[in-house]
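Colleague: Sharing run-v4.tsv here; it has TSV, N, CA, C and O atoms.
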chain	number	residue	atom	x	y	z
A	1	MET	N	0.85	-1.18	0.00
A	1	MET	CA	0.00	0.00	0.00
A	1	MET	C	0.89	1.24	0.00
A	1	MET	O	1.79	1.37	0.81
A	2	ASN	N	0.61	2.13	-0.93
A	2	ASN	CA	1.34	3.38	-1.05
A	2	ASN	C	0.54	4.46	-0.33
A	2	ASN	O	-0.63	4.69	-0.63
A	3	ILE	N	1.15	5.12	0.63
A	3	ILE	CA	0.43	6.12	1.44
A	3	ILE	C	-0.08	7.26	0.57
A	3	ILE	O	-1.21	7.72	0.75
A	4	LYS	N	0.75	7.70	-0.38
A	4	LYS	CA	0.33	8.81	-1.25
A	4	LYS	C	-0.92	8.43	-2.05
A	4	LYS	O	-1.87	9.21	-2.14
A	5	ASN	N	-0.96	7.23	-2.60
A	5	ASN	CA	-2.13	6.77	-3.35
A	5	ASN	C	-3.36	6.66	-2.47
A	5	ASN	O	-4.47	6.98	-2.87
A	6	GLU	N	-3.15	6.19	-1.24
A	6	GLU	CA	-4.27	6.05	-0.31
A	6	GLU	C	-4.84	7.41	0.06
A	6	GLU	O	-6.06	7.60	0.15
A	7	ILE	N	-3.97	8.39	0.26
A	7	ILE	CA	-4.41	9.76	0.57
A	7	ILE	C	-5.22	10.31	-0.59
A	7	ILE	O	-6.28	10.92	-0.40
A	8	GLN	N	-4.74	10.10	-1.81
A	8	GLN	CA	-5.47	10.57	-3.00
A	8	GLN	C	-6.83	9.88	-3.11
A	8	GLN	O	-7.82	10.51	-3.44
A	9	ARG	N	-6.88	8.59	-2.82
A	9	ARG	CA	-8.15	7.86	-2.89
A	9	ARG	C	-9.14	8.40	-1.87
A	9	ARG	O	-10.31	8.65	-2.19
A	10	VAL	N	-8.69	8.62	-0.65
A	10	VAL	CA	-9.57	9.16	0.39
A	10	VAL	C	-10.02	10.57	0.03
A	10	VAL	O	-11.18	10.93	0.24
A	11	SER	N	-9.12	11.35	-0.53
A	11	SER	CA	-9.46	12.71	-0.94
A	11	SER	C	-10.54	12.70	-2.02
A	11	SER	O	-11.51	13.46	-1.96
A	12	ARG	N	-10.39	11.81	-3.01
A	12	ARG	CA	-11.40	11.70	-4.07
A	12	ARG	C	-12.74	11.26	-3.49
A	12	ARG	O	-13.80	11.75	-3.88
A	13	PHE	N	-12.69	10.34	-2.54
A	13	PHE	CA	-13.91	9.88	-1.88
A	13	PHE	C	-14.61	11.04	-1.16
A	13	PHE	O	-15.81	11.22	-1.28
A	14	ALA	N	-13.84	11.83	-0.43
A	14	ALA	CA	-14.40	12.97	0.31
A	14	ALA	C	-15.00	13.99	-0.66
A	14	ALA	O	-16.10	14.51	-0.43
A	15	GLU	N	-14.29	14.28	-1.75
A	15	GLU	CA	-14.80	15.23	-2.74
A	15	GLU	C	-16.10	14.70	-3.36
A	15	GLU	O	-17.05	15.45	-3.55
A	16	SER	N	-16.12	13.42	-3.66
A	16	SER	CA	-17.31	12.81	-4.24
A	16	SER	C	-18.49	12.91	-3.28
A	16	SER	O	-19.61	13.22	-3.68
A	17	PHE	N	-18.23	12.65	-2.00
A	17	PHE	CA	-19.27	12.72	-0.98
A	17	PHE	C	-19.81	14.14	-0.87
A	17	PHE	O	-21.03	14.35	-0.79
A	18	LEU	N	-18.93	15.15	-0.90
A	18	LEU	CA	-19.35	16.53	-0.80
A	18	LEU	C	-20.15	16.98	-2.03
A	18	LEU	O	-21.06	17.79	-1.93
A	19	GLU	N	-19.79	16.46	-3.20
A	19	GLU	CA	-20.49	16.82	-4.41
A	19	GLU	C	-21.84	16.12	-4.55
A	19	GLU	O	-22.69	16.54	-5.32
A	20	TYR	N	-22.04	15.05	-3.81
A	20	TYR	CA	-23.25	14.24	-3.92
A	20	TYR	C	-24.51	15.07	-3.72
A	20	TYR	O	-25.48	14.93	-4.45
A	21	GLY	N	-24.50	15.98	-2.76
A	21	GLY	CA	-25.69	16.76	-2.46
A	21	GLY	C	-25.91	17.96	-3.36
A	21	GLY	O	-26.98	18.55	-3.37
A	22	ARG	N	-24.90	18.32	-4.14
A	22	ARG	CA	-25.03	19.47	-5.03
A	22	ARG	C	-25.78	19.10	-6.31
A	22	ARG	O	-25.62	18.00	-6.82
A	23	PRO	N	-26.55	20.05	-6.82
A	23	PRO	CA	-27.18	19.79	-8.12
A	23	PRO	C	-26.11	19.62	-9.20
A	23	PRO	O	-25.10	20.33	-9.18
A	24	LEU	N	-26.31	18.68	-10.07
A	24	LEU	CA	-25.36	18.41	-11.14
A	24	LEU	C	-25.49	19.46	-12.24
A	24	LEU	O	-26.58	19.71	-12.74
A	25	GLU	N	-24.37	20.08	-12.58
A	25	GLU	CA	-24.36	21.03	-13.70
A	25	GLU	C	-23.99	20.26	-14.96
A	25	GLU	O	-22.94	19.63	-15.02
A	26	ILE	N	-24.86	20.32	-15.92
A	26	ILE	CA	-24.60	19.64	-17.18
A	26	ILE	C	-24.35	20.68	-18.25
A	26	ILE	O	-25.25	21.42	-18.64
A	27	ASN	N	-23.10	20.73	-18.68
A	27	ASN	CA	-22.70	21.66	-19.74
A	27	ASN	C	-22.33	20.84	-20.96
A	27	ASN	O	-21.26	20.24	-21.01
A	28	THR	N	-23.23	20.80	-21.92
A	28	THR	CA	-22.97	20.02	-23.12
A	28	THR	C	-22.34	20.89	-24.19
A	28	THR	O	-22.50	22.11	-24.20
A	29	LYS	N	-21.62	20.22	-25.08
A	29	LYS	CA	-21.06	20.91	-26.24
A	29	LYS	C	-20.91	19.88	-27.36
A	29	LYS	O	-20.82	18.67	-27.10
A	30	PRO	N	-20.89	20.34	-28.59
A	30	PRO	CA	-20.71	19.39	-29.69
A	30	PRO	C	-19.41	18.60	-29.50
A	30	PRO	O	-18.36	19.17	-29.23
A	31	THR	N	-19.52	17.29	-29.60
A	31	THR	CA	-18.39	16.41	-29.32
A	31	THR	C	-18.19	15.44	-30.48
A	31	THR	O	-19.14	14.83	-30.95
A	32	ASP	N	-16.96	15.30	-30.91
A	32	ASP	CA	-16.59	14.33	-31.94
A	32	ASP	C	-16.57	12.95	-31.28
A	32	ASP	O	-15.69	12.65	-30.47
A	33	ILE	N	-17.54	12.12	-31.61
A	33	ILE	CA	-17.68	10.80	-30.97
A	33	ILE	C	-16.45	9.94	-31.24
A	33	ILE	O	-15.97	9.24	-30.35
A	34	ARG	N	-15.92	10.00	-32.43
A	34	ARG	CA	-14.74	9.21	-32.77
A	34	ARG	C	-13.57	9.58	-31.84
A	34	ARG	O	-12.89	8.72	-31.31
A	35	LYS	N	-13.37	10.87	-31.63
A	35	LYS	CA	-12.29	11.33	-30.74
A	35	LYS	C	-12.55	10.88	-29.30
A	35	LYS	O	-11.63	10.45	-28.61
A	36	LEU	N	-13.79	10.96	-28.88
A	36	LEU	CA	-14.15	10.51	-27.53
A	36	LEU	C	-13.80	9.04	-27.35
A	36	LEU	O	-13.18	8.64	-26.35
A	37	ILE	N	-14.17	8.22	-28.32
A	37	ILE	CA	-13.89	6.78	-28.23
A	37	ILE	C	-12.38	6.53	-28.24
A	37	ILE	O	-11.87	5.72	-27.46
A	38	GLU	N	-11.65	7.25	-29.09
A	38	GLU	CA	-10.19	7.11	-29.13
A	38	GLU	C	-9.57	7.48	-27.78
A	38	GLU	O	-8.68	6.78	-27.29
A	39	ASP	N	-10.05	8.56	-27.18
A	39	ASP	CA	-9.53	8.99	-25.88
A	39	ASP	C	-9.79	7.93	-24.80
A	39	ASP	O	-8.91	7.63	-23.99
A	40	VAL	N	-10.99	7.37	-24.81
A	40	VAL	CA	-11.33	6.34	-23.82
A	40	VAL	C	-10.48	5.09	-24.06
A	40	VAL	O	-9.98	4.48	-23.11
A	41	LEU	N	-10.29	4.72	-25.32
A	41	LEU	CA	-9.45	3.56	-25.63
A	41	LEU	C	-8.04	3.75	-25.11
A	41	LEU	O	-7.42	2.82	-24.59
A	42	GLU	N	-7.51	4.94	-25.25
A	42	GLU	CA	-6.15	5.22	-24.74
A	42	GLU	C	-6.08	4.98	-23.23
A	42	GLU	O	-5.07	4.54	-22.73
A	43	LEU	N	-7.17	5.27	-22.54
A	43	LEU	CA	-7.19	5.07	-21.09
A	43	LEU	C	-7.21	3.60	-20.70
A	43	LEU	O	-6.69	3.22	-19.66
A	44	VAL	N	-7.81	2.76	-21.53
A	44	VAL	CA	-7.98	1.35	-21.16
A	44	VAL	C	-7.06	0.38	-21.91
A	44	VAL	O	-7.03	-0.80	-21.59
A	45	LEU	N	-6.28	0.88	-22.88
A	45	LEU	CA	-5.44	-0.02	-23.68
A	45	LEU	C	-4.38	-0.75	-22.85
A	45	LEU	O	-4.11	-1.93	-23.10
A	46	ALA	N	-3.79	-0.08	-21.89
A	46	ALA	CA	-2.77	-0.75	-21.07
A	46	ALA	C	-3.36	-1.96	-20.35
A	46	ALA	O	-2.75	-3.03	-20.33
A	47	LYS	N	-4.53	-1.79	-19.77
A	47	LYS	CA	-5.18	-2.91	-19.08
A	47	LYS	C	-5.55	-4.00	-20.07
A	47	LYS	O	-5.39	-5.19	-19.78
A	48	ALA	N	-6.02	-3.60	-21.25
A	48	ALA	CA	-6.40	-4.59	-22.27
A	48	ALA	C	-5.18	-5.42	-22.69
A	48	ALA	O	-5.27	-6.65	-22.78
A	49	ARG	N	-4.06	-4.75	-22.92
A	49	ARG	CA	-2.83	-5.47	-23.31
A	49	ARG	C	-2.41	-6.42	-22.20
A	49	ARG	O	-2.02	-7.56	-22.47
A	50	LYS	N	-2.47	-5.95	-20.97
A	50	LYS	CA	-2.06	-6.78	-19.82
A	50	LYS	C	-2.90	-8.04	-19.74
A	50	LYS	O	-2.41	-9.11	-19.36
A	51	GLU	N	-4.18	-7.93	-20.11
A	51	GLU	CA	-5.09	-9.08	-20.06
A	51	GLU	C	-5.20	-9.79	-21.41
A	51	GLU	O	-6.11	-10.57	-21.63
A	52	HIS	N	-4.27	-9.47	-22.32
A	52	HIS	CA	-4.19	-10.10	-23.64
A	52	HIS	C	-5.46	-9.91	-24.46
A	52	HIS	O	-5.94	-10.84	-25.12
A	53	VAL	N	-6.01	-8.72	-24.39
A	53	VAL	CA	-7.20	-8.37	-25.18
A	53	VAL	C	-6.74	-7.53	-26.37
A	53	VAL	O	-6.06	-6.52	-26.20
A	54	LEU	N	-7.11	-7.96	-27.55
A	54	LEU	CA	-6.77	-7.23	-28.77
A	54	LEU	C	-7.88	-6.23	-29.06
A	54	LEU	O	-9.06	-6.59	-29.11
A	55	VAL	N	-7.52	-4.98	-29.26
A	55	VAL	CA	-8.49	-3.93	-29.57
A	55	VAL	C	-8.27	-3.51	-31.02
A	55	VAL	O	-7.18	-3.08	-31.39
A	56	GLU	N	-9.29	-3.67	-31.84
A	56	GLU	CA	-9.23	-3.24	-33.23
A	56	GLU	C	-10.10	-2.02	-33.41
A	56	GLU	O	-11.20	-1.95	-32.85
A	57	ARG	N	-9.61	-1.07	-34.18
A	57	ARG	CA	-10.35	0.17	-34.42
A	57	ARG	C	-10.75	0.23	-35.89
A	57	ARG	O	-9.91	0.23	-36.77
A	58	ASP	N	-12.05	0.26	-36.12
A	58	ASP	CA	-12.57	0.36	-37.49
A	58	ASP	C	-13.88	1.13	-37.40
A	58	ASP	O	-14.95	0.54	-37.26
A	59	PHE	N	-13.78	2.44	-37.45
A	59	PHE	CA	-14.95	3.30	-37.25
A	59	PHE	C	-15.54	3.77	-38.57
A	59	PHE	O	-14.82	4.14	-39.49
A	60	GLU	N	-16.84	3.77	-38.62
A	60	GLU	CA	-17.56	4.43	-39.70
A	60	GLU	C	-17.58	5.92	-39.37
A	60	GLU	O	-17.38	6.29	-38.21
A	61	PRO	N	-17.86	6.78	-40.33
A	61	PRO	CA	-18.01	8.20	-40.00
A	61	PRO	C	-19.13	8.37	-38.96
A	61	PRO	O	-20.16	7.70	-39.03
A	62	MET	N	-18.88	9.22	-37.99
A	62	MET	CA	-19.83	9.42	-36.90
A	62	MET	C	-20.17	10.89	-36.77
A	62	MET	O	-19.31	11.74	-36.97
A	63	PRO	N	-21.40	11.18	-36.38
A	63	PRO	CA	-21.80	12.59	-36.23
A	63	PRO	C	-21.29	13.17	-34.92
A	63	PRO	O	-20.91	12.43	-34.00
A	64	GLU	N	-21.27	14.48	-34.83
A	64	GLU	CA	-21.01	15.12	-33.55
A	64	GLU	C	-22.31	15.08	-32.75
A	64	GLU	O	-23.39	15.21	-33.31
A	65	LEU	N	-22.18	14.86	-31.46
A	65	LEU	CA	-23.32	14.88	-30.57
A	65	LEU	C	-23.07	15.89	-29.47
A	65	LEU	O	-21.93	16.14	-29.10
A	66	SER	N	-24.13	16.43	-28.93
A	66	SER	CA	-24.02	17.37	-27.83
A	66	SER	C	-23.94	16.58	-26.53
A	66	SER	O	-24.92	15.98	-26.10
A	67	LEU	N	-22.75	16.54	-25.93
A	67	LEU	CA	-22.50	15.72	-24.75
A	67	LEU	C	-21.74	16.50	-23.68
A	67	LEU	O	-21.11	17.51	-23.96
A	68	THR	N	-21.77	15.97	-22.49
A	68	THR	CA	-20.88	16.43	-21.42
A	68	THR	C	-19.69	15.49	-21.47
A	68	THR	O	-19.80	14.31	-21.13
A	69	LEU	N	-18.56	16.00	-21.90
A	69	LEU	CA	-17.38	15.17	-22.18
A	69	LEU	C	-16.93	14.37	-20.97
A	69	LEU	O	-16.72	13.16	-21.05
A	70	ILE	N	-16.79	14.99	-19.82
A	70	ILE	CA	-16.29	14.29	-18.63
A	70	ILE	C	-17.24	13.17	-18.21
A	70	ILE	O	-16.81	12.05	-17.92
A	71	LEU	N	-18.54	13.45	-18.21
A	71	LEU	CA	-19.50	12.40	-17.83
A	71	LEU	C	-19.52	11.27	-18.84
A	71	LEU	O	-19.67	10.10	-18.48
A	72	SER	N	-19.37	11.59	-20.12
A	72	SER	CA	-19.36	10.57	-21.15
A	72	SER	C	-18.15	9.66	-20.99
A	72	SER	O	-18.26	8.44	-21.07
A	73	LYS	N	-16.96	10.24	-20.76
A	73	LYS	CA	-15.76	9.42	-20.56
A	73	LYS	C	-15.94	8.56	-19.32
A	73	LYS	O	-15.56	7.37	-19.32
A	74	HIS	N	-16.49	9.11	-18.28
A	74	HIS	CA	-16.71	8.36	-17.05
A	74	HIS	C	-17.66	7.17	-17.31
A	74	HIS	O	-17.40	6.06	-16.85
A	75	ALA	N	-18.70	7.41	-18.08
A	75	ALA	CA	-19.65	6.34	-18.39
A	75	ALA	C	-18.97	5.21	-19.17
A	75	ALA	O	-19.20	4.03	-18.88
A	76	PHE	N	-18.13	5.56	-20.13
A	76	PHE	CA	-17.43	4.53	-20.91
A	76	PHE	C	-16.41	3.76	-20.09
A	76	PHE	O	-16.26	2.57	-20.25
A	77	THR	N	-15.70	4.44	-19.20
A	77	THR	CA	-14.63	3.77	-18.48
A	77	THR	C	-15.11	3.00	-17.27
A	77	THR	O	-14.40	2.13	-16.77
A	78	THR	N	-16.32	3.25	-16.78
A	78	THR	CA	-16.81	2.52	-15.61
A	78	THR	C	-17.82	1.46	-15.97
A	78	THR	O	-18.41	0.86	-15.09
A	79	SER	N	-18.03	1.21	-17.24
A	79	SER	CA	-19.07	0.25	-17.65
A	79	SER	C	-18.58	-1.19	-17.61
A	79	SER	O	-19.33	-2.09	-17.93
A	80	SER	N	-17.35	-1.41	-17.22
A	80	SER	CA	-16.85	-2.80	-17.19
A	80	SER	C	-17.09	-3.45	-15.86
A	80	SER	O	-17.37	-2.87	-14.88
Render the structure in this file as structure tokens.
Modeller:
Amino acid sequence: MNIKNEIQRVSRFAESFLEYGRPLEINTKPTDIRKLIEDVLELVLAKARKEHVLVERDFEPMPELSLTLILSKHAFTTSS
């Protein structure tokens, strides 16, 4: 156990708890879905390689959608 990592984890937990009661501000903006997916893949590729999962990228053209970028990335990365 790394003390620095544990402090960061507890800090994130406390921040999350404090934000729980606040109304959620949703600020959407036009988002390139392809770029969003690429960004999320970059976050999970190391774990995929470690678990011997091959990720292939073959995207059709995709429209821009009005999204909240941070919430969208969070939704993609926590769905496993």
Colleague: Got a sec: who's within 10 Å of Thr77 in chain A, counting only C-alpha atoms, leaving out chain neighbours fewer than 5 positions off, as a VMD selection string?
Modeller: chain A and resid 40 to 41 43 to 44 71 to 72
Colleague: Counting only C-alpha atoms, figure out which residue out of A:Ile37, A:Thr31, A:Arg22, A:Glu42 gets nearest to Ala75 in chain A.
Modeller: A:Ile37
Colleague: Could you find all residues in chain A that DSSP calls strand (DSSP E) from the backbone, and write them as a PyMOL selection string?
Modeller: chain A and resi 29-32+64-67
Colleague: As an exercise, work out the distance from CA of Val53 in chain A to CA of Ile33 in chain A in Å and give it to one decimal place.
Modeller: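 It comes out at 22.6 Å.
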Colleague: Enumerate the residues of chain A with a DSSP assignment of helix (DSSP H, G or I), computed from the backbone, and present them as a PyMOL selection string.
Modeller: chain A and resi 3-20+33-50+69-77
Colleague: Could you work out how far CA of Leu69 in chain A lies from CA of Leu24 in chain A, giving the answer in Å with one decimal?
Modeller: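 Those two atoms sit 14.0 Å apart.
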Colleague: Kindly give the distance, in Å, that separates atom N of Asn27 in chain A and CA of Leu67 in chain A, rounded to a single decimal.
Modeller: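 Distance reported for this atom pair: 7.9 Å.
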